[in-house]
file upload_26.cif (mmCIF, C-alpha atoms and all ligand atoms)
data_query
#
loop_
_atom_site.label_atom_id
_atom_site.label_comp_id
_atom_site.auth_asym_id
_atom_site.auth_seq_id
_atom_site.Cartn_x
_atom_site.Cartn_y
_atom_site.Cartn_z
CA MET A 49 42.02 4.44 8.35
CA MET A 50 42.34 2.36 11.48
CA GLN A 51 42.57 -1.36 11.01
CA ARG A 52 39.42 -3.39 11.17
CA VAL A 53 38.95 -6.07 13.81
CA LEU A 54 37.99 -9.47 12.44
CA ILE A 55 35.62 -11.29 14.80
CA LEU A 56 34.62 -14.63 13.30
CA ASN A 57 32.96 -13.69 9.97
CA GLY A 58 32.59 -9.95 10.69
CA GLN A 59 35.02 -7.08 10.08
CA PHE A 60 34.47 -4.26 12.55
CA ASP A 61 35.71 -0.69 12.45
CA PRO A 62 37.13 0.39 15.82
CA PHE A 63 34.99 3.52 16.06
CA THR A 64 33.17 5.23 18.90
CA LEU A 65 29.72 6.66 18.13
CA ARG A 66 31.32 10.06 17.61
CA GLN A 67 34.01 8.73 15.28
CA THR A 68 31.38 6.83 13.31
CA VAL A 69 29.38 10.01 12.77
CA ASP A 70 32.56 11.91 11.80
CA GLU A 71 33.46 9.20 9.31
CA ILE A 72 29.99 9.32 7.74
CA PHE A 73 30.11 13.08 7.25
CA ASN A 74 33.70 12.93 5.93
CA ARG A 75 32.55 10.48 3.33
CA LEU A 76 29.60 12.67 2.38
CA THR A 77 31.95 15.63 1.91
CA LYS A 78 34.20 13.53 -0.29
CA LYS A 79 31.15 12.26 -2.20
CA GLN A 80 32.01 8.66 -1.38
CA ARG A 81 28.79 6.66 -1.44
CA GLY A 82 28.30 3.57 0.65
CA TRP A 83 26.41 1.80 3.38
CA LEU A 84 26.95 1.20 7.07
CA CYS A 85 26.16 -2.02 8.92
CA THR A 86 25.49 -2.32 12.64
CA ILE A 87 26.13 -5.95 13.52
CA ASN A 88 25.19 -7.78 16.70
CA VAL A 89 25.70 -11.44 17.61
CA ALA A 90 22.38 -12.56 16.10
CA ILE A 91 23.12 -10.80 12.79
CA LEU A 92 26.68 -12.14 12.73
CA MET A 93 25.27 -15.67 12.95
CA MET A 94 22.55 -14.89 10.41
CA MET A 95 25.29 -13.83 7.98
CA ARG A 96 26.85 -17.28 8.15
CA ALA A 97 23.62 -18.82 6.92
CA ASP A 98 22.85 -16.11 4.35
CA GLN A 99 25.55 -15.59 1.74
CA ARG A 100 23.89 -12.55 0.33
CA LEU A 101 23.77 -10.86 3.73
CA GLN A 102 27.40 -11.81 4.37
CA ALA A 103 28.45 -10.33 1.01
CA PHE A 104 26.49 -7.16 1.74
CA ALA A 105 28.23 -6.78 5.12
CA ASP A 106 31.63 -7.49 3.56
CA ARG A 107 31.11 -4.58 1.18
CA ALA A 108 30.04 -2.07 3.84
CA SER A 109 31.95 1.21 3.96
CA ILE A 110 31.63 1.21 7.73
CA THR A 111 30.77 -1.66 10.09
CA VAL A 112 30.19 -1.11 13.79
CA ALA A 113 29.62 -3.56 16.64
CA ASP A 114 26.11 -3.27 18.04
CA GLY A 115 26.68 -5.55 21.00
CA GLN A 116 28.58 -5.46 24.25
CA PRO A 117 29.81 -9.09 23.88
CA LEU A 118 31.48 -8.18 20.58
CA VAL A 119 33.20 -5.20 22.19
CA TRP A 120 34.47 -7.38 25.05
CA LEU A 121 35.64 -10.20 22.84
CA ALA A 122 37.54 -7.99 20.38
CA SER A 123 40.76 -8.44 22.32
CA TRP A 124 40.49 -12.22 21.98
CA PHE A 125 40.54 -11.61 18.26
CA GLY A 126 43.63 -9.43 18.43
CA GLY A 127 41.95 -6.03 18.27
CA LYS A 128 40.18 -3.40 20.29
CA LEU A 129 36.71 -1.91 19.85
CA PRO A 130 36.19 1.27 21.87
CA GLU A 131 32.45 1.00 22.43
CA ARG A 132 29.15 -0.36 21.25
CA VAL A 133 27.41 1.66 18.51
CA THR A 134 23.67 1.13 18.17
CA GLY A 135 21.17 2.03 15.46
CA VAL A 136 19.09 4.11 17.86
CA ASP A 137 22.10 6.19 18.92
CA LEU A 138 23.19 6.61 15.30
CA VAL A 139 19.78 7.97 14.25
CA ASP A 140 19.88 10.55 17.05
CA ALA A 141 23.49 11.62 16.60
CA ILE A 142 23.36 11.74 12.79
CA CYS A 143 20.16 13.79 12.72
CA GLU A 144 21.66 16.31 15.09
CA ARG A 145 24.77 16.65 12.92
CA ALA A 146 22.74 16.67 9.68
CA ALA A 147 20.66 19.57 11.00
CA SER A 148 23.77 21.63 11.68
CA GLU A 149 25.41 20.77 8.35
CA GLY A 150 22.34 21.11 6.17
CA LYS A 151 22.32 17.47 5.07
CA LYS A 152 19.08 15.71 4.23
CA VAL A 153 17.91 12.53 5.91
CA TYR A 154 15.19 10.05 5.02
CA LEU A 155 13.48 7.59 7.36
CA LEU A 156 12.17 4.49 5.61
CA GLY A 157 10.53 1.73 7.62
CA ALA A 158 8.06 0.68 10.31
CA THR A 159 4.35 1.59 10.15
CA ASN A 160 3.02 5.03 9.13
CA ASP A 161 2.19 5.97 12.70
CA ILE A 162 5.55 4.96 14.09
CA VAL A 163 7.72 6.57 11.44
CA ALA A 164 5.66 9.79 11.58
CA LYS A 165 6.06 9.88 15.32
CA VAL A 166 9.83 9.44 15.05
CA ALA A 167 9.98 12.18 12.39
CA THR A 168 8.04 14.58 14.59
CA SER A 169 10.25 14.01 17.58
CA LEU A 170 13.46 14.39 15.53
CA ARG A 171 12.16 17.65 14.03
CA GLU A 172 11.22 18.94 17.46
CA ARG A 173 14.69 18.30 18.76
CA ASN A 174 16.39 19.55 15.56
CA PRO A 175 14.26 22.32 14.04
CA ALA A 176 16.66 22.84 11.12
CA LEU A 177 16.58 19.18 10.12
CA GLN A 178 15.58 18.43 6.51
CA LEU A 179 13.77 15.14 6.80
CA ASN A 180 11.45 13.00 4.69
CA PHE A 181 9.92 9.66 5.57
CA SER A 182 7.69 6.80 4.49
CA ASN A 183 6.61 3.49 5.98
CA GLY A 184 8.28 0.13 5.41
CA TYR A 185 5.20 -1.81 4.39
CA PHE A 186 5.00 -1.81 0.63
CA LEU A 187 4.52 -4.51 -1.96
CA LYS A 188 7.48 -5.82 -3.92
CA ASP A 189 5.97 -4.23 -7.03
CA ASP A 190 6.00 -0.84 -5.34
CA ALA A 191 9.62 -1.03 -4.22
CA PRO A 192 11.07 0.71 -7.32
CA ALA A 193 8.62 3.60 -6.88
CA ARG A 194 9.62 3.83 -3.23
CA ALA A 195 13.28 4.00 -4.22
CA ASP A 196 12.45 6.76 -6.71
CA GLN A 197 10.69 8.67 -3.96
CA VAL A 198 13.88 8.55 -1.87
CA ARG A 199 15.97 9.68 -4.85
CA LYS A 200 13.64 12.58 -5.65
CA SER A 201 14.09 13.96 -2.16
CA SER A 202 17.86 14.06 -2.81
CA THR A 203 18.73 12.30 0.39
CA ASP A 204 22.20 12.36 1.90
CA ILE A 205 21.58 9.80 4.62
CA LEU A 206 18.94 7.07 4.39
CA PHE A 207 17.88 5.05 7.42
CA VAL A 208 16.10 1.81 6.56
CA ALA A 209 14.27 0.18 9.48
CA MET A 210 12.56 -2.88 8.01
CA GLY A 211 14.34 -5.68 9.88
CA VAL A 212 17.27 -7.88 8.83
CA PRO A 213 17.76 -8.99 6.02
CA ARG A 214 14.82 -7.20 4.38
CA GLN A 215 16.41 -3.78 4.76
CA GLU A 216 19.79 -4.95 3.42
CA GLN A 217 18.15 -6.52 0.38
CA PHE A 218 16.31 -3.30 -0.36
CA ILE A 219 19.46 -1.18 -0.07
CA GLU A 220 21.42 -3.53 -2.28
CA GLU A 221 18.75 -4.03 -4.92
CA TYR A 222 17.97 -0.34 -5.33
CA TRP A 223 21.44 1.06 -4.61
CA ASP A 224 21.81 2.98 -7.89
CA ARG A 225 18.23 4.05 -8.00
CA LEU A 226 18.25 5.42 -4.43
CA ASN A 227 21.32 7.56 -5.15
CA VAL A 228 21.87 8.38 -1.46
CA GLY A 229 25.26 9.21 0.05
CA MET A 230 25.02 6.80 2.98
CA ALA A 231 22.46 4.09 3.70
CA ILE A 232 22.11 2.59 7.16
CA GLY A 233 19.98 -0.40 8.17
CA VAL A 234 18.68 0.24 11.68
CA GLY A 235 16.37 -2.76 12.28
CA GLY A 236 13.73 -2.07 14.90
CA SER A 237 15.16 1.34 15.91
CA PHE A 238 12.09 3.37 14.87
CA ASP A 239 9.93 1.26 17.21
CA VAL A 240 12.30 2.06 20.05
CA LEU A 241 12.56 5.76 19.14
CA ALA A 242 8.76 6.01 19.03
CA GLY A 243 8.55 4.45 22.48
CA LEU A 244 6.76 1.32 21.29
CA ARG A 245 9.53 -0.90 22.58
CA VAL A 246 11.61 -0.09 25.60
CA ARG A 247 15.35 -0.23 25.54
CA ALA A 248 17.19 -2.06 28.28
CA PRO A 249 18.45 0.17 31.12
CA THR A 250 22.05 1.31 30.61
CA TRP A 251 23.36 -1.02 33.31
CA VAL A 252 21.76 -4.02 31.64
CA GLN A 253 23.33 -2.98 28.33
CA SER A 254 26.71 -2.52 29.96
CA ILE A 255 26.78 -6.05 31.36
CA GLY A 256 25.99 -7.42 27.90
CA MET A 257 22.48 -8.58 28.73
CA GLU A 258 20.33 -6.49 26.40
CA TRP A 259 19.38 -9.64 24.50
CA LEU A 260 17.90 -11.11 27.70
CA PHE A 261 15.91 -7.92 28.28
CA ARG A 262 14.49 -8.14 24.75
CA LEU A 263 13.80 -11.82 25.17
CA ILE A 264 11.69 -11.15 28.27
CA GLN A 265 9.67 -8.58 26.33
CA GLU A 266 9.06 -10.81 23.30
CA PRO A 267 9.74 -14.40 24.38
CA ARG A 268 7.64 -16.11 21.72
CA ARG A 269 9.34 -14.39 18.83
CA LEU A 270 12.88 -14.30 20.14
CA PHE A 271 13.44 -17.45 22.24
CA VAL A 272 14.55 -19.78 19.48
CA ARG A 273 16.49 -17.05 17.72
CA TYR A 274 18.58 -16.11 20.74
CA LEU A 275 18.97 -19.64 22.01
CA LEU A 276 20.39 -20.74 18.67
CA THR A 277 22.47 -17.70 17.77
CA ASN A 278 23.97 -17.22 21.23
CA SER A 279 25.02 -20.82 21.61
CA GLN A 280 26.38 -20.98 18.06
CA PHE A 281 28.34 -17.81 18.75
CA LEU A 282 29.78 -19.15 22.01
CA TRP A 283 30.75 -22.36 20.32
CA LEU A 284 32.49 -20.58 17.45
CA VAL A 285 34.32 -18.21 19.77
CA LEU A 286 35.62 -21.12 21.85
CA ARG A 287 36.66 -23.00 18.73
CA SER A 288 38.51 -20.01 17.38
CA ARG A 289 40.25 -19.65 20.78
CA MET A 290 41.46 -23.18 20.26
CA GLY A 291 42.98 -22.21 16.95
CA TYR A 292 40.28 -23.19 14.45
CA ASP A 293 39.49 -20.78 11.64
CA SER A 294 35.95 -19.49 12.17
CA THR A 295 36.07 -16.62 9.72
CA LYS A 296 34.16 -18.59 7.13
CA LYS A 297 30.96 -20.55 7.07
CA GLU A 298 32.60 -23.68 5.64
CA THR A 299 34.53 -24.25 8.86
CA ASN A 300 31.38 -24.45 11.01
N1 LIG A 401 9.10 -3.68 9.16
C1 LIG A 401 8.86 -2.96 8.01
N2 LIG A 401 8.40 -3.62 6.90
C2 LIG A 401 8.17 -4.96 6.91
C3 LIG A 401 8.42 -5.68 8.10
C4 LIG A 401 8.90 -5.02 9.22
O1 LIG A 401 9.08 -1.76 7.96
O2 LIG A 401 7.74 -5.49 5.89
C5 LIG A 401 9.59 -2.96 10.35
C6 LIG A 401 8.83 -3.21 11.63
O3 LIG A 401 7.69 -2.37 11.68
C7 LIG A 401 9.85 -2.86 12.68
C8 LIG A 401 11.18 -3.21 12.01
O4 LIG A 401 10.89 -3.40 10.64
O5 LIG A 401 9.85 -1.48 12.94
C9 LIG A 401 11.84 -4.42 12.58
O6 LIG A 401 10.92 -5.45 12.50
P1 LIG A 401 11.08 -6.74 13.34
O7 LIG A 401 11.25 -6.36 14.76
O8 LIG A 401 10.02 -7.69 12.95
O9 LIG A 401 12.47 -7.22 12.74
P2 LIG A 401 13.51 -8.21 13.36
O10 LIG A 401 13.70 -7.85 14.82
O11 LIG A 401 12.89 -9.55 13.15
O12 LIG A 401 14.72 -7.94 12.53
#

call {"tool": "encode", "arguments": {"input": "upload_26.cif", "output": "structure tokens"}}
result
Amino acid sequence: MMQRVLILNGQFDPFTLRQTVDEIFNRLTKKQRGWLCTINVAILMMMRADQRLQAFADRASITVADGQPLVWLASWFGGKLPERVTGVDLVDAICERAASEGKKVYLLGATNDIVAKVATSLRERNPALQLNFSNGYFLKDDAPARADQVRKSSTDILFVAMGVPRQEQFIEEYWDRLNVGMAIGVGGSFDVLAGLRVRAPTWVQSIGMEWLFRLIQEPRRLFVRYLLTNSQFLWLVLRSRMGYDSTKKETN
């Protein structure tokens, strides 16, 4: 296995989208269970304030960088990340591969309408795909039953799109009960796949400005989040350039 790249408090696998998908299916073949984290700058900063989220990410079988700034900065941290890997792209690529290999997927998250719409479009594009789904709005008391539902459909790959850290907590808490091969938290990806939210144009993504594009779409919700996480990130990166250890929260 290629060496991971340590950027501040995150350990990233140097995989392209294709290599990530290959790695997932290799693990399924070998019956190695685990979860995959897609981490962007905001999540990386959230991890520093949330020990449980940090521990979850530290135990991921695969971690990919979902942000152009992380890909660029990898070399400052003594490594190289080949490209950005997003939740949306993973859902598409994995479903295509799952259809051809006869693996089962499960979509958990977002509202009924949205998740059903995503399921329909994935089935249209991949007629052989074995897919089940349910929404991400359930009461805490109903969570065990929801996990059982996933288990009963003998899922190979579970996508959980309920936002960070809700989705990570669910995966961790019901890990044994879910009994899936690979679990992947994909945040707001179902909303994007259903066309509810628009993704930044490729050129905006490639100059590392997707966060600004999202901010313009949802300024009220995202302004404080991005202002804080981006400046904290910049600060920590500069500090680590100057030789300070920024791998742990204590050294903030
Ligand atoms: N979501 C969900 N259950 C919840 C809350 C949110 O399934 O209890 C879904 C929501 O519909 C959306 C996704 O999680 O598709 C991400 O939500 P949001 O954008 O609020 O998350 P954030 O961007 O804050 O992580």

call {"tool": "atom_distance", "arguments": {"input": "upload_26.cif", "atom1": "CA of Ile87 (chain A)", "atom2": "CA of Gln197 (chain A)"}}
result
27.5 Å

call {"tool": "residues_near_ligand", "arguments": {"input": "upload_26.cif", "ligand": "ligand LIG 401 (chain A)", "cutoff": "6 Å", "atoms": "all atoms listed in the file", "output": "ChimeraX atom specification"}}
result
/A:157-159,184-185,209-212,235-236,238-239

call {"tool": "closest_residue", "arguments": {"input": "upload_26.cif", "among": "A:Arg100, A:Lys165, A:Arg289, A:Arg262", "to": "Ala248 (chain A)", "atoms": "all atoms listed in the file"}}
result
A:Arg262

call {"tool": "residues_near_point", "arguments": {"input": "upload_26.cif", "point": "(22.6, 15.5, -6.1)", "cutoff": "10 Å", "atoms": "only C-alpha atoms", "output": "list in words"}}
result
Lys79, Arg199, Lys200, Ser201, Ser202, Thr203, Asp204, Asn227, Val228 and Gly229 of chain A

call {"tool": "closest_atom_pairs", "arguments": {"input": "upload_26.cif", "of": "region 154-245 of chain A", "to": "region 134-140 of chain A", "cutoff": "12 Å", "atoms": "all atoms listed in the file", "output": "JSON lines"}}
result
{"residue": "A:Tyr154", "atom": "CA", "partner": "A:Val139", "partner_atom": "CA", "distance": 10.5}
{"residue": "A:Leu155", "atom": "CA", "partner": "A:Val139", "partner_atom": "CA", "distance": 9.3}
{"residue": "A:Val166", "atom": "CA", "partner": "A:Val139", "partner_atom": "CA", "distance": 10.1}
{"residue": "A:Ala167", "atom": "CA", "partner": "A:Val139", "partner_atom": "CA", "distance": 10.8}
{"residue": "A:Ser169", "atom": "CA", "partner": "A:Asp140", "partner_atom": "CA", "distance": 10.2}
{"residue": "A:Leu170", "atom": "CA", "partner": "A:Asp140", "partner_atom": "CA", "distance": 7.6}
{"residue": "A:Arg171", "atom": "CA", "partner": "A:Asp140", "partner_atom": "CA", "distance": 10.9}
{"residue": "A:Arg173", "atom": "CA", "partner": "A:Asp140", "partner_atom": "CA", "distance": 9.5}
{"residue": "A:Asn174", "atom": "CA", "partner": "A:Asp140", "partner_atom": "CA", "distance": 9.8}
{"residue": "A:Leu177", "atom": "CA", "partner": "A:Asp140", "partner_atom": "CA", "distance": 11.5}
{"residue": "A:Leu179", "atom": "CA", "partner": "A:Val139", "partner_atom": "CA", "distance": 12.0}
{"residue": "A:Ile205", "atom": "CA", "partner": "A:Val139", "partner_atom": "CA", "distance": 10.0}
{"residue": "A:Leu206", "atom": "CA", "partner": "A:Val139", "partner_atom": "CA", "distance": 9.9}
{"residue": "A:Phe207", "atom": "CA", "partner": "A:Val139", "partner_atom": "CA", "distance": 7.7}
{"residue": "A:Val208", "atom": "CA", "partner": "A:Gly135", "partner_atom": "CA", "distance": 10.2}
{"residue": "A:Ala209", "atom": "CA", "partner": "A:Gly135", "partner_atom": "CA", "distance": 9.3}
{"residue": "A:Gly211", "atom": "CA", "partner": "A:Gly135", "partner_atom": "CA", "distance": 11.7}
{"residue": "A:Ala231", "atom": "CA", "partner": "A:Val139", "partner_atom": "CA", "distance": 11.6}
{"residue": "A:Ile232", "atom": "CA", "partner": "A:Gly135", "partner_atom": "CA", "distance": 8.4}
{"residue": "A:Gly233", "atom": "CA", "partner": "A:Gly135", "partner_atom": "CA", "distance": 7.8}
{"residue": "A:Val234", "atom": "CA", "partner": "A:Gly135", "partner_atom": "CA", "distance": 4.9}
{"residue": "A:Gly235", "atom": "CA", "partner": "A:Gly135", "partner_atom": "CA", "distance": 7.5}
{"residue": "A:Gly236", "atom": "CA", "partner": "A:Gly135", "partner_atom": "CA", "distance": 8.5}
{"residue": "A:Ser237", "atom": "CA", "partner": "A:Val136", "partner_atom": "CA", "distance": 5.2}
{"residue": "A:Phe238", "atom": "CA", "partner": "A:Val136", "partner_atom": "CA", "distance": 7.6}
{"residue": "A:Asp239", "atom": "CA", "partner": "A:Val136", "partner_atom": "CA", "distance": 9.6}
{"residue": "A:Val240", "atom": "CA", "partner": "A:Val136", "partner_atom": "CA", "distance": 7.4}
{"residue": "A:Leu241", "atom": "CA", "partner": "A:Val136", "partner_atom": "CA", "distance": 6.9}
{"residue": "A:Ala242", "atom": "CA", "partner": "A:Val136", "partner_atom": "CA", "distance": 10.6}
{"residue": "A:Gly243", "atom": "CA", "partner": "A:Val136", "partner_atom": "CA", "distance": 11.5}
{"residue": "A:Arg245", "atom": "CA", "partner": "A:Val136", "partner_atom": "CA", "distance": 11.8}

call {"tool": "residues_around", "arguments": {"input": "upload_26.cif", "residues": "Arg225 (chain A)", "least_positions_apart": "4", "cutoff": "8 Å", "atoms": "only C-alpha atoms", "output": "PDB file with C-alpha atoms, in the coordinates of the input"}}
result
ATOM      1  CA  PRO A 192      11.070   0.710  -7.320  1.00  0.00           C
ATOM      2  CA  ALA A 195      13.280   4.000  -4.220  1.00  0.00           C
ATOM      3  CA  ASP A 196      12.450   6.760  -6.710  1.00  0.00           C
ATOM      4  CA  ARG A 199      15.970   9.680  -4.850  1.00  0.00           C
TER       5      ARG A 199
END

call {"tool": "atom_distance", "arguments": {"input": "upload_26.cif", "atom1": "CA of Ser254 (chain A)", "atom2": "CA of Ala122 (chain A)"}}
result
15.5 Å

call {"tool": "closest_residue", "arguments": {"input": "upload_26.cif", "among": "A:Ala176, A:Val272, A:Ile110, A:Ile255", "to": "Glu71 (chain A)", "atoms": "all atoms listed in the file"}}
result
A:Ile110

call {"tool": "residues_around", "arguments": {"input": "upload_26.cif", "residues": "Lys128 (chain A)", "least_positions_apart": "6", "cutoff": "9 Å", "atoms": "all atoms listed in the file", "output": "PDB file with C-alpha atoms, keeping the file's coordinate frame"}}
result
ATOM      1  CA  VAL A  53      38.950  -6.070  13.810  1.00  0.00           C
ATOM      2  CA  PRO A  62      37.130   0.390  15.820  1.00  0.00           C
ATOM      3  CA  VAL A 119      33.200  -5.200  22.190  1.00  0.00           C
ATOM      4  CA  TRP A 120      34.470  -7.380  25.050  1.00  0.00           C
ATOM      5  CA  LEU A 121      35.640 -10.200  22.840  1.00  0.00           C
ATOM      6  CA  ALA A 122      37.540  -7.990  20.380  1.00  0.00           C
TER       7      ALA A 122
END

call {"tool": "closest_residue", "arguments": {"input": "upload_26.cif", "among": "A:Ala147, A:Val198, A:Leu129, A:Met230", "to": "Gln116 (chain A)", "atoms": "all atoms listed in the file"}}
result
A:Leu129

call {"tool": "closest_residue", "arguments": {"input": "upload_26.cif", "among": "A:Ile72, A:Ala97, A:Ala146, A:Ala193", "to": "Thr111 (chain A)", "atoms": "all atoms listed in the file"}}
result
A:Ile72

call {"tool": "atom_distance", "arguments": {"input": "upload_26.cif", "atom1": "CA of Ala105 (chain A)", "atom2": "CA of Asn180 (chain A)"}}
result
25.9 Å

call {"tool": "residues_around", "arguments": {"input": "upload_26.cif", "residues": "Leu284 (chain A)", "least_positions_apart": "6", "cutoff": "12 Å", "atoms": "only C-alpha atoms", "output": "compact mmCIF listing (two decimals) with C-alpha atoms, in the frame of the given file"}}
result
# COMPACT_ATOMS: atom_id res chain seq x y z
CA ILE A 55 35.62 -11.29 14.80
CA LEU A 56 34.62 -14.63 13.30
CA ASN A 57 32.96 -13.69 9.97
CA VAL A 89 25.70 -11.44 17.61
CA LEU A 92 26.68 -12.14 12.73
CA MET A 93 25.27 -15.67 12.95
CA ARG A 96 26.85 -17.28 8.15
CA THR A 277 22.47 -17.70 17.77
CA ASN A 278 23.97 -17.22 21.23
CA MET A 290 41.46 -23.18 20.26
CA GLY A 291 42.98 -22.21 16.95
CA TYR A 292 40.28 -23.19 14.45
CA ASP A 293 39.49 -20.78 11.64
CA SER A 294 35.95 -19.49 12.17
CA THR A 295 36.07 -16.62 9.72
CA LYS A 296 34.16 -18.59 7.13
CA LYS A 297 30.96 -20.55 7.07
CA THR A 299 34.53 -24.25 8.86
CA ASN A 300 31.38 -24.45 11.01

call {"tool": "residues_around", "arguments": {"input": "upload_26.cif", "residues": "region 265-271 of chain A", "least_positions_apart": "5", "cutoff": "9 Å", "atoms": "only C-alpha atoms", "output": "list in words"}}
result
Arg245, Val246, Leu260 and Leu276 of chain A

call {"tool": "closest_residue", "arguments": {"input": "upload_26.cif", "among": "A:Gly150, A:Trp251, A:Leu54, A:Asp189", "to": "Trp124 (chain A)", "atoms": "all atoms listed in the file"}}
result
A:Leu54

call {"tool": "closest_residue", "arguments": {"input": "upload_26.cif", "among": "A:Glu172, A:Ala141, A:Gln67, A:Ser182", "to": "Asn160 (chain A)", "atoms": "only C-alpha atoms"}}
result
A:Ser182

call {"tool": "axis_aligned_box", "arguments": {"input": "upload_26.cif", "around": "region 195-209 of chain A", "padding_each_side": "3 Å", "output": "lines of an AutoDock Vina configuration file"}}
result
center_x = 16.4
center_y = 7.1
center_z = 1.4
size_x = 17.5
size_y = 19.9
size_z = 22.2
